[in-house]
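Scroll down for the structure; my scribbles are underneath it.
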Amino acid sequence: MAKKKKIVVKIGSSLLANSEKLTLRYAFLNGLLSDLAQLQKEGHDIILTSSGSVALGLNMVGKRPEDAGILDKQAAAACGQPLLMNAYRQVASEHDMEVAQMLVTVEDMEERRRFLNIKNTMLRLFENDIMPIINENDSVATRDLRVGDNDRLSAKVAQMVQADLLVILTSVEGLYDRDPSDPDAVFISEIEDVTEHLESTTGISALGSGGMLTKMQAANMAQNAGVETIIAEGIIERPVSSVLKNERRYTRCLVTGEKASPLKVWLSNRLQVAGTLVISNEVAAAVIAGDCGITRSDVISIQGDFTKGDVLHVYTEDGDEVARGLTNFSSEETMLVARHLDMPVEDLIGYKTKSDIIAAENILVLEENHLQHDAPEDDQKIVVQL
């Protein structure tokens with residue numbers, strides 16, 4: 001038997017739901033679960049990241065995708081999620097397959113303890129030959145119903161379980177060097193650096209919240225976590241195994257460099273910005289060289305309302321993001337210790353702790369192949385400007 005693999009499969013709303021009737025496409029669902037059940041029987045651990053709850057619930061709230069606002073989509077998700085999971089359970093049972101539902105939010109993926117709890121739950125499900133089906137909890141999501149959409153959610157899940165492969169099924173065969181409707185468009189079968197192909201990834205489907213851009217962003221996150229990504233068309237018959245056996249064409253995004261530690265990978269692939277620090281170019285050079293952490297005297301300005309243990313994004317004075325790291329202080333505490341350099345840290349915050357804002361061992365220096373976040377908008381709270 002081939003080596004057992006952990007495989008994360010992501011499917012979008014455009015594959016699961018009919019775009020006109022907003023009803024479930026049972027033929028695709030049956031073909032998908034038949035294929036995944038066979039892969040599971042061959043010894044592989046499978047995680048399915050699924051969209052679809054919003055699309056399937058829109059009829060119940062009397063809305064079309066183009067007319068639905070955030071509250072409509074939250075209500076539609078609450079209506080559609082039971083329909084979706086009931087369909088998964090019914091079809092899975094026809095293939096002697098057990099499934100479990102896991103709804104997550106962006107906060108679950110970004111907060112370290114909850115992240116590890118989700119991981120441990122999935123590993124226990126694997127031990128019992130149960131396939132987790134994961135979706136963002138769209139009924140409570142408030143950030144445009146996106147964890148960065150389900151493409152990037154699938155990459156976070158692949159990172160979480162240290163998967164061998166991420167398979168993103170979509171409505172096209174893979175990546176082209178321009179809009180595939182252009183007769184001169186060239187298919188790209190293999191990618192080493194995802195960041196070189198972002199300009200050709202505009203446009204989204206009628207039902208999806210992402211598009212090829214978010215698939216490339218997901219592939220970048222997976223690359224940096226040591227996970228290979230495949231982007232392929234979601235056909236009805238054997239949609240995953242036909243790709244694994246090279247029976248049709250697809251785009252393969254290769255792993256770059258050496259796999260970092262799980263903590264460093266978690267630090268690198270953020271879906272939201274808790275807060276930022278701006279440090280001098282000189283201090284940034286020392287951080288990049290691995291010579292030091294970030295002390296209170298290094299801080300030029302702070303943005304965001306963060307708590308101890310959040311991941312901060314570190315920028316130079318020129319606006320370049322150079323690192324991310326776990327903070328030892330909340331935003332209020334950082335303000336105090338950075339403004340009063342002549343006073344001991346313990347006297348300012350009332351307890352004994354490490355004096356570095358971010359310790360050297362909790363910093364990840366970003367490589368060139370990491371997609372960088374834009375700096376926070378100007379209307380975010382500026383805690384301190386020194």
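Labeling convention for the structure tokens: chains A, B, ... as they appear, residues from 1 per chain, ligands from 1 in order of appearance.
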So that each row is one residue of segment 187-266 of chain A with an atom at most 7 Å from segment 18-37 of chain A, can you give its shortest atom pair and the distance in Å to one decimal, using only C-alpha atoms, rows by chain and rising number, as a tab-separated table?
residue	atom	partner	partner_atom	distance
A:Leu207	CA	A:Ser19	CA	6.7
A:Ile236	CA	A:Phe28	CA	4.8
A:Glu237	CA	A:Gly31	CA	5.3
A:Arg238	CA	A:Asp35	CA	5.1
A:Pro239	CA	A:Leu32	CA	6.3
A:Val240	CA	A:Asp35	CA	6.8
A:Ser241	CA	A:Asp35	CA	6.7
Got time to write the residues from that selection, N, CA and C atoms, as a PDB file, in the first residue's frame?
ATOM      1  N   LEU A 207     -21.344  32.317  -6.676  1.00  0.00           N
ATOM      2  CA  LEU A 207     -21.644  31.875  -5.321  1.00  0.00           C
ATOM      3  C   LEU A 207     -20.452  31.983  -4.384  1.00  0.00           C
ATOM      4  N   ILE A 236     -17.275  15.181 -11.424  1.00  0.00           N
ATOM      5  CA  ILE A 236     -18.185  14.324 -10.663  1.00  0.00           C
ATOM      6  C   ILE A 236     -17.541  12.982 -10.313  1.00  0.00           C
ATOM      7  N   GLU A 237     -16.899  12.342 -11.270  1.00  0.00           N
ATOM      8  CA  GLU A 237     -16.332  11.020 -11.038  1.00  0.00           C
ATOM      9  C   GLU A 237     -14.900  11.129 -10.502  1.00  0.00           C
ATOM     10  N   ARG A 238     -14.674  10.560  -9.319  1.00  0.00           N
ATOM     11  CA  ARG A 238     -13.334  10.478  -8.712  1.00  0.00           C
ATOM     12  C   ARG A 238     -12.587  11.814  -8.787  1.00  0.00           C
ATOM     13  N   PRO A 239     -13.136  12.863  -8.205  1.00  0.00           N
ATOM     14  CA  PRO A 239     -12.532  14.197  -8.335  1.00  0.00           C
ATOM     15  C   PRO A 239     -11.156  14.330  -7.685  1.00  0.00           C
ATOM     16  N   VAL A 240     -10.889  13.553  -6.631  1.00  0.00           N
ATOM     17  CA  VAL A 240      -9.597  13.665  -5.941  1.00  0.00           C
ATOM     18  C   VAL A 240      -8.614  12.592  -6.408  1.00  0.00           C
ATOM     19  N   SER A 241      -9.036  11.325  -6.418  1.00  0.00           N
ATOM     20  CA  SER A 241      -8.097  10.255  -6.768  1.00  0.00           C
ATOM     21  C   SER A 241      -7.629  10.347  -8.215  1.00  0.00           C
TER      22      SER A 241
END
Could you pull out the residues in segment 226-337 of chain A that DSSP calls strand (DSSP E or B) from the backbone, as a ChimeraX atom specification? /A:228-233,251-253,275-279,294,299-303,311-315,321-326
Atoms to include: N, CA and C atoms. Write the selected residues as a compact mmCIF listing (two decimals), in the first residue's frame.
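Result file out.txt:
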# COMPACT_ATOMS: atom_id res chain seq x y z
N GLU A 228 2.17 20.60 0.09
CA GLU A 228 1.95 20.76 -1.34
C GLU A 228 0.48 21.01 -1.62
N THR A 229 0.19 21.89 -2.59
CA THR A 229 -1.19 22.22 -2.93
C THR A 229 -1.48 21.84 -4.37
N ILE A 230 -2.65 21.27 -4.59
CA ILE A 230 -3.15 20.97 -5.94
C ILE A 230 -4.44 21.74 -6.16
N ILE A 231 -4.53 22.45 -7.28
CA ILE A 231 -5.75 23.16 -7.67
C ILE A 231 -6.27 22.48 -8.92
N ALA A 232 -7.50 21.98 -8.85
CA ALA A 232 -8.04 21.18 -9.95
C ALA A 232 -9.53 21.38 -10.09
N GLU A 233 -10.06 20.99 -11.24
CA GLU A 233 -11.49 21.10 -11.49
C GLU A 233 -12.25 20.05 -10.67
N THR A 251 -3.02 22.13 -11.50
CA THR A 251 -1.89 22.96 -11.12
C THR A 251 -1.34 22.48 -9.78
N ARG A 252 -0.04 22.23 -9.74
CA ARG A 252 0.63 21.78 -8.53
C ARG A 252 1.50 22.92 -7.99
N CYS A 253 1.29 23.28 -6.73
CA CYS A 253 2.09 24.31 -6.07
C CYS A 253 3.07 23.60 -5.13
N GLY A 275 -2.63 43.35 16.08
CA GLY A 275 -1.99 44.62 16.36
C GLY A 275 -0.65 44.70 15.66
N THR A 276 -0.07 45.89 15.65
CA THR A 276 1.22 46.08 14.98
C THR A 276 2.16 46.90 15.84
N LEU A 277 3.45 46.67 15.60
CA LEU A 277 4.50 47.51 16.17
C LEU A 277 5.30 48.10 15.02
N VAL A 278 5.72 49.33 15.19
CA VAL A 278 6.68 49.93 14.25
C VAL A 278 7.99 50.12 15.00
N ILE A 279 9.07 49.62 14.41
CA ILE A 279 10.40 49.75 15.01
C ILE A 279 11.33 50.41 14.01
N ILE A 294 12.35 42.27 20.73
CA ILE A 294 11.95 43.67 20.62
C ILE A 294 11.64 44.18 22.02
N VAL A 299 10.28 50.44 20.44
CA VAL A 299 8.96 50.70 19.84
C VAL A 299 8.82 52.18 19.48
N ILE A 300 8.45 52.43 18.22
CA ILE A 300 8.18 53.79 17.76
C ILE A 300 6.69 54.09 17.83
N SER A 301 5.85 53.14 17.39
CA SER A 301 4.41 53.32 17.49
C SER A 301 3.73 51.96 17.57
N ILE A 302 2.50 51.99 18.05
CA ILE A 302 1.71 50.78 18.26
C ILE A 302 0.33 51.01 17.69
N GLN A 303 -0.23 49.99 17.05
CA GLN A 303 -1.60 50.07 16.57
C GLN A 303 -2.35 48.81 16.97
N VAL A 311 -0.63 37.68 18.36
CA VAL A 311 0.46 37.79 17.39
C VAL A 311 0.47 39.20 16.82
N LEU A 312 1.60 39.89 16.98
CA LEU A 312 1.76 41.24 16.44
C LEU A 312 2.56 41.19 15.15
N HIS A 313 2.22 42.11 14.24
CA HIS A 313 2.95 42.26 12.99
C HIS A 313 3.92 43.41 13.16
N VAL A 314 5.17 43.18 12.80
CA VAL A 314 6.24 44.13 13.07
C VAL A 314 6.66 44.80 11.76
N TYR A 315 6.59 46.14 11.75
CA TYR A 315 6.91 46.93 10.57
C TYR A 315 8.12 47.82 10.84
N GLU A 321 6.68 45.08 6.37
CA GLU A 321 6.48 44.07 7.41
C GLU A 321 7.65 43.11 7.39
N VAL A 322 8.33 42.98 8.53
CA VAL A 322 9.55 42.17 8.57
C VAL A 322 9.43 40.94 9.46
N ALA A 323 8.47 40.94 10.39
CA ALA A 323 8.39 39.82 11.33
C ALA A 323 7.01 39.77 11.98
N ARG A 324 6.73 38.64 12.62
CA ARG A 324 5.54 38.47 13.45
C ARG A 324 5.96 37.75 14.72
N GLY A 325 5.28 38.08 15.82
CA GLY A 325 5.68 37.44 17.06
C GLY A 325 4.63 37.54 18.14
N LEU A 326 4.76 36.68 19.16
CA LEU A 326 3.84 36.65 20.29
C LEU A 326 4.23 37.72 21.29
Which distance in Å separates atom CA of Asp347 of chain A and atom CA of Glu333 of chain A, to one decimal?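 Atom CA of Glu333 of chain A lies 11.4 Å from atom CA of Asp347 of chain A.
Counting only C-alpha atoms, the residue from A:Tyr351, A:Leu56, A:Met97, A:Leu263 that sits nearest to Phe115 of chain A is A:Leu263.
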Of A:Ala75, A:Ile363, A:Val161, A:Ile357, the one nearest to Ser331 of chain A when counting only C-alpha atoms is A:Ile357
Between A:Lys352, A:Glu346, A:Met160, A:Asn246, which one has atoms that come closest to Arg114 of chain A, using only C-alpha atoms? A:Met160
To one decimal in Å, tell me the separation between atom CA of Lys245 of chain A and atom CA of Ser181 of chain A.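 Separating atom CA of Lys245 of chain A from atom CA of Ser181 of chain A is a distance of 27.6 Å.
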Have a look at atom CA of Arg64 of chain A and atom CA of Ala77 of chain A and let me know their distance in Å, one decimal.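 Calculated distance between atom CA of Arg64 of chain A and atom CA of Ala77 of chain A is 13.3 Å.
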Residues within 12 Å of Ala100 of chain A, please, as a VMD selection string. Count only C-alpha atoms; anything in the same chain fewer than 5 positions from it doesn't count. chain A and resid 46 to 49 85 to 86 88 to 89 92 121 to 122 124 to 126 128 to 135
Could you save the residues just selected, with C-alpha atoms, as a tab-separated table (two decimals), in the first residue's frame?
chain	number	residue	atom	x	y	z
A	46	ILE	CA	-9.12	12.90	4.97
A	47	ILE	CA	-10.40	16.29	6.10
A	48	LEU	CA	-13.08	18.02	4.04
A	49	THR	CA	-13.33	21.81	4.17
A	85	MET	CA	-24.74	18.33	7.01
A	86	ASN	CA	-27.85	16.19	6.65
A	88	TYR	CA	-23.36	14.81	3.90
A	89	ARG	CA	-24.47	12.28	6.52
A	92	ALA	CA	-21.66	9.27	3.47
A	121	THR	CA	-10.24	16.93	18.13
A	122	MET	CA	-9.41	16.20	14.49
A	124	ARG	CA	-9.05	11.89	17.72
A	125	LEU	CA	-11.56	11.69	14.86
A	126	PHE	CA	-8.83	10.21	12.66
A	128	ASN	CA	-11.84	6.47	14.91
A	129	ASP	CA	-11.91	6.60	11.08
A	130	ILE	CA	-14.27	9.58	11.10
A	131	MET	CA	-13.86	12.30	8.47
A	132	PRO	CA	-14.09	15.87	9.84
A	133	ILE	CA	-16.13	18.27	7.73
A	134	ILE	CA	-15.03	21.82	8.54
A	135	ASN	CA	-16.68	25.10	7.67
Neighbouring residues of Ile11 of chain A were defined as those with any atom within 9 Å, considering only C-alpha atoms; residues of the same chain fewer than 6 positions away were excluded. Please report them as a compact mmCIF listing (two decimals) with N, CA and C atoms, in the first residue's frame.
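Once everything was written out, this is around-v8.txt:
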# COMPACT_ATOMS: atom_id res chain seq x y z
N LEU A 48 -12.35 17.29 5.07
CA LEU A 48 -13.08 18.02 4.04
C LEU A 48 -13.41 19.41 4.57
N THR A 49 -12.96 20.44 3.85
CA THR A 49 -13.33 21.81 4.17
C THR A 49 -14.39 22.24 3.16
N SER A 50 -15.58 22.52 3.64
CA SER A 50 -16.73 22.68 2.76
C SER A 50 -17.41 24.03 2.93
N SER A 51 -17.66 24.69 1.81
CA SER A 51 -18.55 25.84 1.78
C SER A 51 -19.96 25.32 1.52
N GLY A 52 -20.90 26.22 1.31
CA GLY A 52 -22.21 25.82 0.85
C GLY A 52 -23.38 26.17 1.74
N ASN A 150 -12.98 30.18 2.67
CA ASN A 150 -12.69 28.78 2.98
C ASN A 150 -11.45 28.25 2.27
N ASP A 151 -10.95 28.95 1.25
CA ASP A 151 -9.67 28.54 0.66
C ASP A 151 -8.57 28.65 1.71
N VAL A 167 -5.83 19.73 -1.44
CA VAL A 167 -6.46 19.68 -2.77
C VAL A 167 -7.61 20.67 -2.78
N ILE A 168 -7.53 21.69 -3.62
CA ILE A 168 -8.59 22.69 -3.76
C ILE A 168 -9.32 22.42 -5.07
N LEU A 169 -10.58 21.99 -4.94
CA LEU A 169 -11.39 21.72 -6.12
C LEU A 169 -12.19 22.96 -6.48
N THR A 170 -12.19 23.31 -7.76
CA THR A 170 -12.80 24.55 -8.20
C THR A 170 -13.52 24.33 -9.53
N GLY A 234 -13.40 20.45 -10.14
CA GLY A 234 -14.21 19.54 -9.34
C GLY A 234 -15.15 18.72 -10.19
Would you please extract all helix (DSSP H, G or I) residues from segment 79-246 of chain A, as assigned by DSSP on the backbone, and give them as a ChimeraX atom specification? /A:79-94,106-110,112-127,149-160,194-200,212-224,241-244
Since we have the selection now, will you write its residues out, keeping C-alpha atoms, as a short mmCIF file (atom, residue, chain, number, x, y, z; two decimals), in the first residue's frame?
data_model
loop_
_atom_site.label_atom_id
_atom_site.label_comp_id
_atom_site.auth_asym_id
_atom_site.auth_seq_id
_atom_site.Cartn_x
_atom_site.Cartn_y
_atom_site.Cartn_z
CA CYS A 79 -30.77 27.69 7.67
CA GLY A 80 -28.41 26.04 5.22
CA GLN A 81 -25.93 24.37 7.58
CA PRO A 82 -28.38 21.66 8.80
CA LEU A 83 -29.39 20.96 5.19
CA LEU A 84 -25.76 20.62 4.15
CA MET A 85 -24.74 18.33 7.01
CA ASN A 86 -27.85 16.19 6.65
CA ALA A 87 -26.95 15.64 3.00
CA TYR A 88 -23.36 14.81 3.90
CA ARG A 89 -24.47 12.28 6.52
CA GLN A 90 -27.00 10.61 4.22
CA VAL A 91 -24.62 10.28 1.28
CA ALA A 92 -21.66 9.27 3.47
CA SER A 93 -23.72 6.46 5.04
CA GLU A 94 -24.29 5.03 1.56
CA VAL A 106 -11.32 33.22 12.68
CA GLU A 107 -10.76 33.66 16.41
CA ASP A 108 -10.62 29.87 16.85
CA MET A 109 -7.82 29.65 14.29
CA GLU A 110 -5.84 32.64 15.56
CA ARG A 112 -3.31 29.42 20.16
CA ARG A 113 -5.19 27.34 22.74
CA ARG A 114 -8.34 27.01 20.64
CA PHE A 115 -6.20 26.21 17.59
CA LEU A 116 -4.60 23.30 19.46
CA ASN A 117 -7.98 22.10 20.78
CA ILE A 118 -9.33 21.92 17.22
CA LYS A 119 -6.24 20.03 16.13
CA ASN A 120 -6.57 17.50 18.95
CA THR A 121 -10.24 16.93 18.13
CA MET A 122 -9.41 16.20 14.49
CA LEU A 123 -6.64 13.79 15.44
CA ARG A 124 -9.05 11.89 17.72
CA LEU A 125 -11.56 11.69 14.86
CA PHE A 126 -8.83 10.21 12.66
CA GLU A 127 -8.20 7.53 15.27
CA ASP A 149 -12.71 32.57 2.92
CA ASN A 150 -12.69 28.78 2.98
CA ASP A 151 -9.67 28.54 0.66
CA ARG A 152 -7.43 30.02 3.32
CA LEU A 153 -9.33 28.17 6.03
CA SER A 154 -8.38 24.93 4.28
CA ALA A 155 -4.73 26.02 4.27
CA LYS A 156 -4.92 26.76 8.00
CA VAL A 157 -6.36 23.30 8.57
CA ALA A 158 -3.61 21.72 6.45
CA GLN A 159 -1.04 23.61 8.48
CA MET A 160 -2.75 22.58 11.73
CA VAL A 194 2.99 31.50 -5.76
CA THR A 195 3.69 35.22 -5.27
CA GLU A 196 4.81 35.47 -8.92
CA HIS A 197 1.31 34.61 -10.17
CA LEU A 198 -0.98 36.87 -8.16
CA GLU A 199 -1.62 39.37 -10.96
CA SER A 200 -3.40 36.75 -13.08
CA MET A 212 -8.25 32.20 -7.85
CA LEU A 213 -6.55 34.94 -5.82
CA THR A 214 -7.60 33.37 -2.52
CA LYS A 215 -6.56 29.96 -3.84
CA MET A 216 -3.10 31.33 -4.53
CA GLN A 217 -3.01 32.90 -1.07
CA ALA A 218 -4.01 29.53 0.40
CA ALA A 219 -1.31 27.80 -1.63
CA ASN A 220 1.24 30.30 -0.33
CA MET A 221 0.21 29.57 3.25
CA ALA A 222 0.44 25.84 2.57
CA GLN A 223 3.84 26.19 0.87
CA ASN A 224 5.25 27.95 3.90
CA SER A 241 -8.10 10.25 -6.77
CA SER A 242 -8.02 11.06 -10.50
CA VAL A 243 -5.68 13.93 -9.64
CA LEU A 244 -3.56 11.88 -7.25
#
